[in-house]
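Q: Contents of coords-v2.cif (mmCIF, C-alpha atoms and all ligand atoms) are below:
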```
data_query
#
loop_
_atom_site.label_atom_id
_atom_site.label_comp_id
_atom_site.auth_asym_id
_atom_site.auth_seq_id
_atom_site.Cartn_x
_atom_site.Cartn_y
_atom_site.Cartn_z
CA MET A 1 -8.48 -12.92 -9.21
CA GLU A 2 -10.84 -12.98 -12.10
CA ILE A 3 -9.25 -14.07 -15.34
CA THR A 4 -11.23 -13.39 -18.49
CA ARG A 5 -10.89 -15.67 -21.47
CA GLN A 6 -9.13 -12.92 -23.35
CA SER A 7 -6.65 -12.24 -20.56
CA PHE A 8 -6.03 -15.96 -20.20
CA LEU A 9 -5.13 -16.13 -23.89
CA VAL A 10 -2.86 -13.12 -23.53
CA ALA A 11 -1.19 -14.84 -20.59
CA ALA A 12 -0.89 -18.12 -22.47
CA THR A 13 0.57 -16.60 -25.61
CA SER A 14 3.05 -14.42 -23.76
CA ALA A 15 4.13 -17.22 -21.44
CA ILE A 16 7.34 -17.81 -23.31
CA LEU A 17 8.48 -14.21 -23.09
CA ILE A 18 7.20 -13.45 -19.60
CA PRO A 19 6.84 -16.61 -17.53
CA GLN A 20 4.06 -16.82 -14.93
CA VAL A 21 2.38 -13.68 -16.17
CA GLU A 22 -1.29 -13.32 -15.44
CA VAL A 23 -2.81 -10.26 -17.06
CA ALA A 24 -5.70 -8.59 -15.31
CA ASP A 25 -8.05 -6.11 -16.87
CA ALA A 26 -8.21 -2.56 -15.49
CA ARG A 27 -10.11 -2.89 -12.27
CA ASN A 28 -13.52 -1.52 -11.51
CA SER A 29 -13.32 -2.50 -7.86
CA PRO A 30 -10.53 -2.39 -5.27
CA ILE A 31 -8.24 -5.18 -4.15
CA TYR A 32 -8.49 -6.43 -0.55
CA GLY A 33 -6.01 -9.29 -0.46
CA LEU A 34 -3.04 -10.88 -2.20
CA PRO A 35 -3.09 -13.50 -4.93
CA LYS A 36 -2.56 -17.10 -3.82
CA SER A 37 1.03 -18.12 -3.26
CA SER A 38 2.97 -21.13 -2.02
CA SER A 39 4.90 -18.87 0.38
CA ARG A 40 3.35 -17.54 3.58
CA ARG A 41 3.10 -13.81 3.17
CA PHE A 42 0.96 -10.77 3.82
CA ALA A 43 1.21 -7.09 2.90
CA TRP A 44 1.82 -4.63 5.72
CA THR A 45 0.72 -1.28 4.29
CA ILE A 46 1.28 2.05 6.03
CA ASP A 47 -0.55 5.27 5.25
CA ASP A 48 -0.34 9.04 5.54
CA GLY A 49 2.96 10.01 7.23
CA ALA A 50 1.87 12.76 9.63
CA SER A 51 4.74 11.81 11.97
CA ALA A 52 8.31 11.89 10.68
CA GLY A 53 9.33 9.75 13.64
CA ALA A 54 6.77 7.10 12.72
CA VAL A 55 7.82 7.11 9.06
CA GLY A 56 11.41 6.62 10.22
CA THR A 57 10.39 3.71 12.43
CA TYR A 58 8.74 1.88 9.55
CA LEU A 59 11.68 2.52 7.25
CA ASN A 60 13.91 0.94 9.87
CA ILE A 61 11.61 -2.08 10.11
CA ALA A 62 11.89 -2.52 6.35
CA GLU A 63 15.64 -2.08 6.46
CA HIS A 64 16.48 -4.25 9.45
CA HIS A 65 13.62 -6.69 10.10
CA ASN A 66 13.09 -8.34 6.73
CA GLN A 67 9.58 -6.94 6.35
CA ASN A 68 8.93 -5.34 2.98
CA LEU A 69 6.43 -2.53 3.32
CA THR A 70 4.14 -0.55 1.05
CA LEU A 71 3.81 3.06 2.15
CA PHE A 72 0.85 5.07 0.85
CA VAL A 73 2.17 8.59 0.78
CA THR A 74 0.15 11.71 1.53
CA SER A 75 2.56 14.10 -0.09
CA SER A 76 1.80 17.29 1.85
CA TYR A 77 3.43 15.76 4.95
CA SER A 78 7.06 16.83 5.21
CA SER A 79 8.06 13.42 6.67
CA TRP A 80 8.60 12.01 3.20
CA ARG A 81 11.15 14.66 2.38
CA THR A 82 12.77 14.34 5.81
CA HIS A 83 13.55 10.70 5.07
CA SER A 84 14.28 11.16 1.40
CA LYS A 85 17.70 9.47 1.40
CA GLN A 86 16.64 6.35 3.26
CA ILE A 87 13.49 6.08 1.16
CA SER A 88 15.52 6.25 -2.05
CA ARG A 89 17.87 3.56 -0.76
CA LEU A 90 15.03 1.23 0.25
CA LEU A 91 13.18 1.77 -3.02
CA HIS A 92 16.33 0.79 -4.83
CA SER A 93 16.69 -2.41 -2.82
CA GLY A 94 12.98 -3.28 -3.19
CA LYS A 95 12.35 -3.28 0.55
CA ILE A 96 9.65 -0.66 0.23
CA GLN A 97 7.11 0.37 -2.34
CA LEU A 98 5.38 3.75 -2.43
CA GLY A 99 1.73 4.20 -3.35
CA ASN A 100 -0.35 7.30 -4.03
CA HIS A 101 -2.47 8.52 -1.11
CA THR A 102 -3.20 12.01 -2.46
CA VAL A 103 -1.73 15.43 -1.69
CA SER A 104 -3.74 16.49 1.34
CA HIS A 105 -5.99 13.57 2.25
CA LYS A 106 -9.31 15.00 1.10
CA ASP A 107 -12.19 12.55 0.88
CA LEU A 108 -12.13 11.81 -2.85
CA SER A 109 -15.74 10.66 -2.84
CA ARG A 110 -16.86 14.15 -1.83
CA ILE A 111 -14.93 16.41 -4.18
CA SER A 112 -15.17 17.36 -7.85
CA GLU A 113 -13.54 15.49 -10.67
CA ALA A 114 -11.02 18.30 -11.12
CA GLU A 115 -10.10 18.18 -7.43
CA ILE A 116 -9.71 14.39 -7.51
CA ARG A 117 -7.34 14.84 -10.43
CA THR A 118 -5.35 17.51 -8.57
CA GLN A 119 -5.10 15.33 -5.45
CA ILE A 120 -3.84 12.26 -7.28
CA SER A 121 -1.65 13.91 -9.90
CA GLY A 122 -0.09 16.22 -7.28
CA CYS A 123 1.06 13.26 -5.21
CA HIS A 124 2.25 11.50 -8.37
CA LYS A 125 4.37 14.51 -9.33
CA PHE A 126 5.84 14.73 -5.83
CA LEU A 127 6.96 11.09 -5.93
CA MET A 128 8.45 11.58 -9.39
CA ASN A 129 10.28 14.76 -8.44
CA GLU A 130 11.50 13.66 -5.02
CA PHE A 131 12.39 10.03 -5.73
CA GLY A 132 12.17 9.62 -9.51
CA TYR A 133 9.55 7.04 -8.61
CA ASP A 134 6.43 6.08 -10.51
CA ALA A 135 3.89 4.74 -8.02
CA ARG A 136 1.35 3.69 -10.64
CA PRO A 137 -0.87 1.71 -10.67
CA TYR A 138 -1.36 1.54 -6.87
CA PHE A 139 -3.35 4.14 -4.99
CA ARG A 140 -5.32 4.08 -1.79
CA PRO A 141 -8.56 6.03 -1.56
CA THR A 142 -8.55 8.31 1.48
CA TYR A 143 -10.72 7.02 4.34
CA GLY A 144 -11.26 3.94 2.19
CA ASN A 145 -14.02 5.91 0.41
CA TRP A 146 -14.44 5.38 -3.29
CA ASN A 147 -17.10 5.40 -5.97
CA ALA A 148 -17.20 4.88 -9.73
CA LYS A 149 -16.11 8.47 -10.39
CA VAL A 150 -13.07 8.20 -8.11
CA LEU A 151 -11.97 4.95 -9.75
CA ARG A 152 -12.46 6.32 -13.26
CA VAL A 153 -10.51 9.54 -12.69
CA ALA A 154 -7.73 7.64 -10.92
CA ALA A 155 -7.57 5.12 -13.77
CA GLU A 156 -7.33 7.95 -16.30
CA LEU A 157 -4.17 9.00 -14.46
CA GLY A 158 -2.82 5.46 -14.58
CA TYR A 159 -3.85 4.53 -11.04
CA THR A 160 -5.86 1.47 -11.94
CA VAL A 161 -5.40 -0.47 -8.70
CA PRO A 162 -7.37 0.99 -5.81
CA THR A 163 -5.95 -0.77 -2.78
CA MET A 164 -8.13 -1.42 0.24
CA TRP A 165 -7.40 -3.76 3.13
CA TYR A 166 -8.69 -6.85 4.88
CA GLY A 167 -7.99 -5.66 8.42
CA THR A 168 -6.89 -2.49 10.15
CA PHE A 169 -4.66 -1.84 13.16
CA GLY A 170 -7.18 0.90 13.97
CA ASP A 171 -4.50 3.43 14.68
CA SER A 172 -5.54 6.40 12.55
CA GLY A 173 -7.10 8.05 15.61
CA ASP A 174 -6.40 7.80 19.32
CA THR A 175 -6.63 4.04 19.65
CA PRO A 176 -4.73 2.84 22.74
CA GLU A 177 -1.58 1.00 21.81
CA SER A 178 -2.69 -2.19 23.54
CA ARG A 179 -5.68 -2.23 21.21
CA VAL A 180 -3.45 -1.64 18.16
CA VAL A 181 -1.40 -4.69 19.16
CA GLN A 182 -4.61 -6.73 19.63
CA LEU A 183 -5.87 -5.71 16.19
CA ALA A 184 -2.54 -6.54 14.58
CA ASN A 185 -2.76 -9.95 16.23
CA LYS A 186 -6.31 -10.35 14.94
CA TRP A 187 -5.72 -9.39 11.31
CA ILE A 188 -2.19 -10.41 10.35
CA ALA A 189 -2.59 -13.65 8.42
CA ASN A 190 -1.52 -15.34 5.23
CA GLY A 191 -2.61 -13.59 2.04
CA ARG A 192 -4.00 -10.50 3.69
CA ILE A 193 -3.49 -6.81 3.13
CA VAL A 194 -3.48 -4.97 6.46
CA ILE A 195 -3.46 -1.22 7.05
CA ASP A 196 -1.43 0.70 9.58
CA HIS A 197 -0.59 4.43 9.86
CA ALA A 198 2.58 6.47 10.22
CA ASN A 199 0.88 9.21 12.20
CA ARG A 200 2.08 8.45 15.71
CA VAL A 201 5.27 6.81 16.92
CA LYS A 202 4.58 3.32 18.21
CA SER A 203 6.51 2.18 21.26
CA GLU A 204 9.35 -0.35 20.99
CA HIS A 205 7.15 -2.71 22.95
CA ALA A 206 4.22 -2.48 20.51
CA LEU A 207 6.48 -3.01 17.51
CA HIS A 208 8.16 -5.93 19.22
CA GLU A 209 4.73 -7.50 19.81
CA ILE A 210 3.63 -6.97 16.21
CA LEU A 211 6.88 -8.38 14.80
CA GLY A 212 6.49 -11.31 17.20
CA THR A 213 3.01 -12.02 15.81
CA ILE A 214 4.38 -12.01 12.26
CA ASN A 215 7.29 -14.30 13.09
CA SER A 216 5.26 -16.72 15.20
CA ARG A 217 2.91 -17.25 12.25
CA GLY A 218 5.76 -17.99 9.88
CA LEU A 219 4.85 -14.96 7.79
CA HIS A 220 6.72 -12.13 6.21
CA SER A 221 5.48 -8.93 4.68
CA VAL A 222 5.84 -8.38 0.95
CA THR A 223 5.23 -5.27 -1.11
CA LEU A 224 2.22 -5.25 -3.40
CA ARG A 225 4.50 -5.29 -6.41
CA GLU A 226 6.19 -8.41 -5.10
CA ALA A 227 2.83 -10.08 -4.58
CA PHE A 228 1.11 -9.03 -7.78
CA GLY A 229 4.11 -8.93 -10.09
CA THR A 230 2.96 -8.15 -13.59
CA ASN A 231 -0.71 -8.70 -12.88
CA PHE A 232 -1.37 -5.02 -13.25
CA LYS A 233 -0.24 -2.61 -15.90
ZN ZN B 1 -5.06 7.94 5.01
#
```
Rewrite the coordinates I just gave you, this time as structure tokens.
A:
Amino acid sequence: MEITRQSFLVAATSAILIPQVEVADARNSPIYGLPKSSSRRFAWTIDDGASAGAVGTYLNIAEHHNQNLTLFVTSSYSSWRTHSKQISRLLHSGKIQLGNHTVSHKDLSRISEAEIRTQISGCHKFLMNEFGYDARPYFRPTYGNWNAKVLRVAAELGYTVPTMWYGTFGDSGDTPESRVVQLANKWIANGRIVIDHANRVKSEHALHEILGTINSRGLHSVTLREAFGTNFK
């Protein structure tokens, strides 16, 4: 993480009030990994939510397997409402974090400024209305596509942390499950942000394999808020 002289001074002078704070400027490029830490951790992030069954599976992993997950919500999918109660409970206990992944998953790099605003603010309003939850400043650009205009409009709405990933489970399409497990095995490592999707229900076997990879590496998943703390405003 880049620390400017000014932000270092802010951090130094506020150290008494807010210990360990490290203030970052508003970003002009996305994040791909977690800040350094003495604990072994990674961020398992899950996008979209086309399948209510898949969303439910991940919520259960957060609830019962000690893996804290960040879910990037595409708010037009009904899955989020289907699981409203469990989501509220897990938000309250800090086991999940929600991020903004637009209303209907349009490619933000190919639409007008007004449409970008509608996509991001619509999802924001949904999360506020449904869960009383403010997902700022974390958003994930759809398809991982972003440009200066996308980042500027998002930042104007308070979404100053575009969140990319270091490795993908490759499961947004029709990737065979054996390949998904291979990719999870390839990318899950200390300090990384990995991306997964709640669009298809994974088998018990695949999830068992992925959890096995995490455990065998002495890792656990943390939410982005856990990892970045007060780095971002
Ligand atoms: Zn997506």
Q: I'd like the neighbourhood of A:Ser51 as a VMD selection string, where a residue qualifies if any of its atoms comes within 12 Å (using all atoms listed in the file), though same-chain residues fewer than 3 positions away should be ignored.
A: chain A and resid 46 to 48 54 to 58 73 to 74 76 to 83 172 197 to 202
Q: Using only C-alpha atoms and all ligand atoms, can you tell me which of A:Met164, A:Ala62, A:Leu157, A:Ile96 comes closest to ligand ZN 1 (chain B)?
A: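 Ranking A:Met164, A:Ala62, A:Leu157, A:Ile96 by distance to ligand ZN 1 (chain B), first place goes to A:Met164.
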Q: Of the residues A:Gly170, A:Gly94, A:Gly132, A:Pro137, which is the one nearest to ligand ZN 1 (chain B), using all atoms listed in the file?
A: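 Of A:Gly170, A:Gly94, A:Gly132, A:Pro137, the one nearest ligand ZN 1 (chain B), counting all atoms listed in the file, is A:Gly170.
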Q: At most 6 Å from (2.3, 1.5, 24.0), file frame, all atoms listed in the file: which residues, as a PyMOL selection string?
A: chain A and resi 177+203+206
Q: Which residues are close to A:Gln67, i.e. within 8 Å by all atoms listed in the file, leaving aside same-chain residues fewer than 3 positions away? Reply as a ChimeraX atom specification.
A: /A:61-63,95,220-222
Q: Just the selected residues (C-alpha atoms), exported as a short mmCIF file (atom, residue, chain, number, x, y, z; two decimals), keeping the file's coordinate frame, please.
A:
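Contents of selection-v2.cif, as written:
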```cif
data_model
loop_
_atom_site.label_atom_id
_atom_site.label_comp_id
_atom_site.auth_asym_id
_atom_site.auth_seq_id
_atom_site.Cartn_x
_atom_site.Cartn_y
_atom_site.Cartn_z
CA ILE A 61 11.61 -2.08 10.11
CA ALA A 62 11.89 -2.52 6.35
CA GLU A 63 15.64 -2.08 6.46
CA LYS A 95 12.35 -3.28 0.55
CA HIS A 220 6.72 -12.13 6.21
CA SER A 221 5.48 -8.93 4.68
CA VAL A 222 5.84 -8.38 0.95
#
```
Q: How many Å lie between atom CA of A:Ser121 and atom CA of A:Gly158, rounded to one decimal?
A: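 The value is 9.7 Å.
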Q: So, with only C-alpha atoms and all ligand atoms as the atoms that count, which of A:Gln97, A:Ser38, A:Thr168, A:Ser216 lies closest to ligand ZN 1 (chain B)?
A: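 Answer, going by the shortest atom-to-atom distance: A:Thr168.
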Q: Excluding A:Phe42 and residues on its chain fewer than 3 positions from it, collect all residues at most 12 Å away from it, counting only C-alpha atoms, and give them as a PyMOL selection string.
A: chain A and resi 32-37+39+45+67-70+165-167+187-195+214-215+217-224+226-228
Q: Give the answer as one residue: which of A:Asn129, A:Asn60, A:Asn28, A:Thr102 has the shortest atom-to-atom distance to A:Arg117, using only C-alpha atoms?
A: A:Thr102
Q: Give the answer as one residue: which of A:Asp134, A:Glu113, A:Asp171, A:Glu156 has the shortest atom-to-atom distance to ligand ZN 1 (chain B), using all atoms listed in the file?
A: A:Asp171
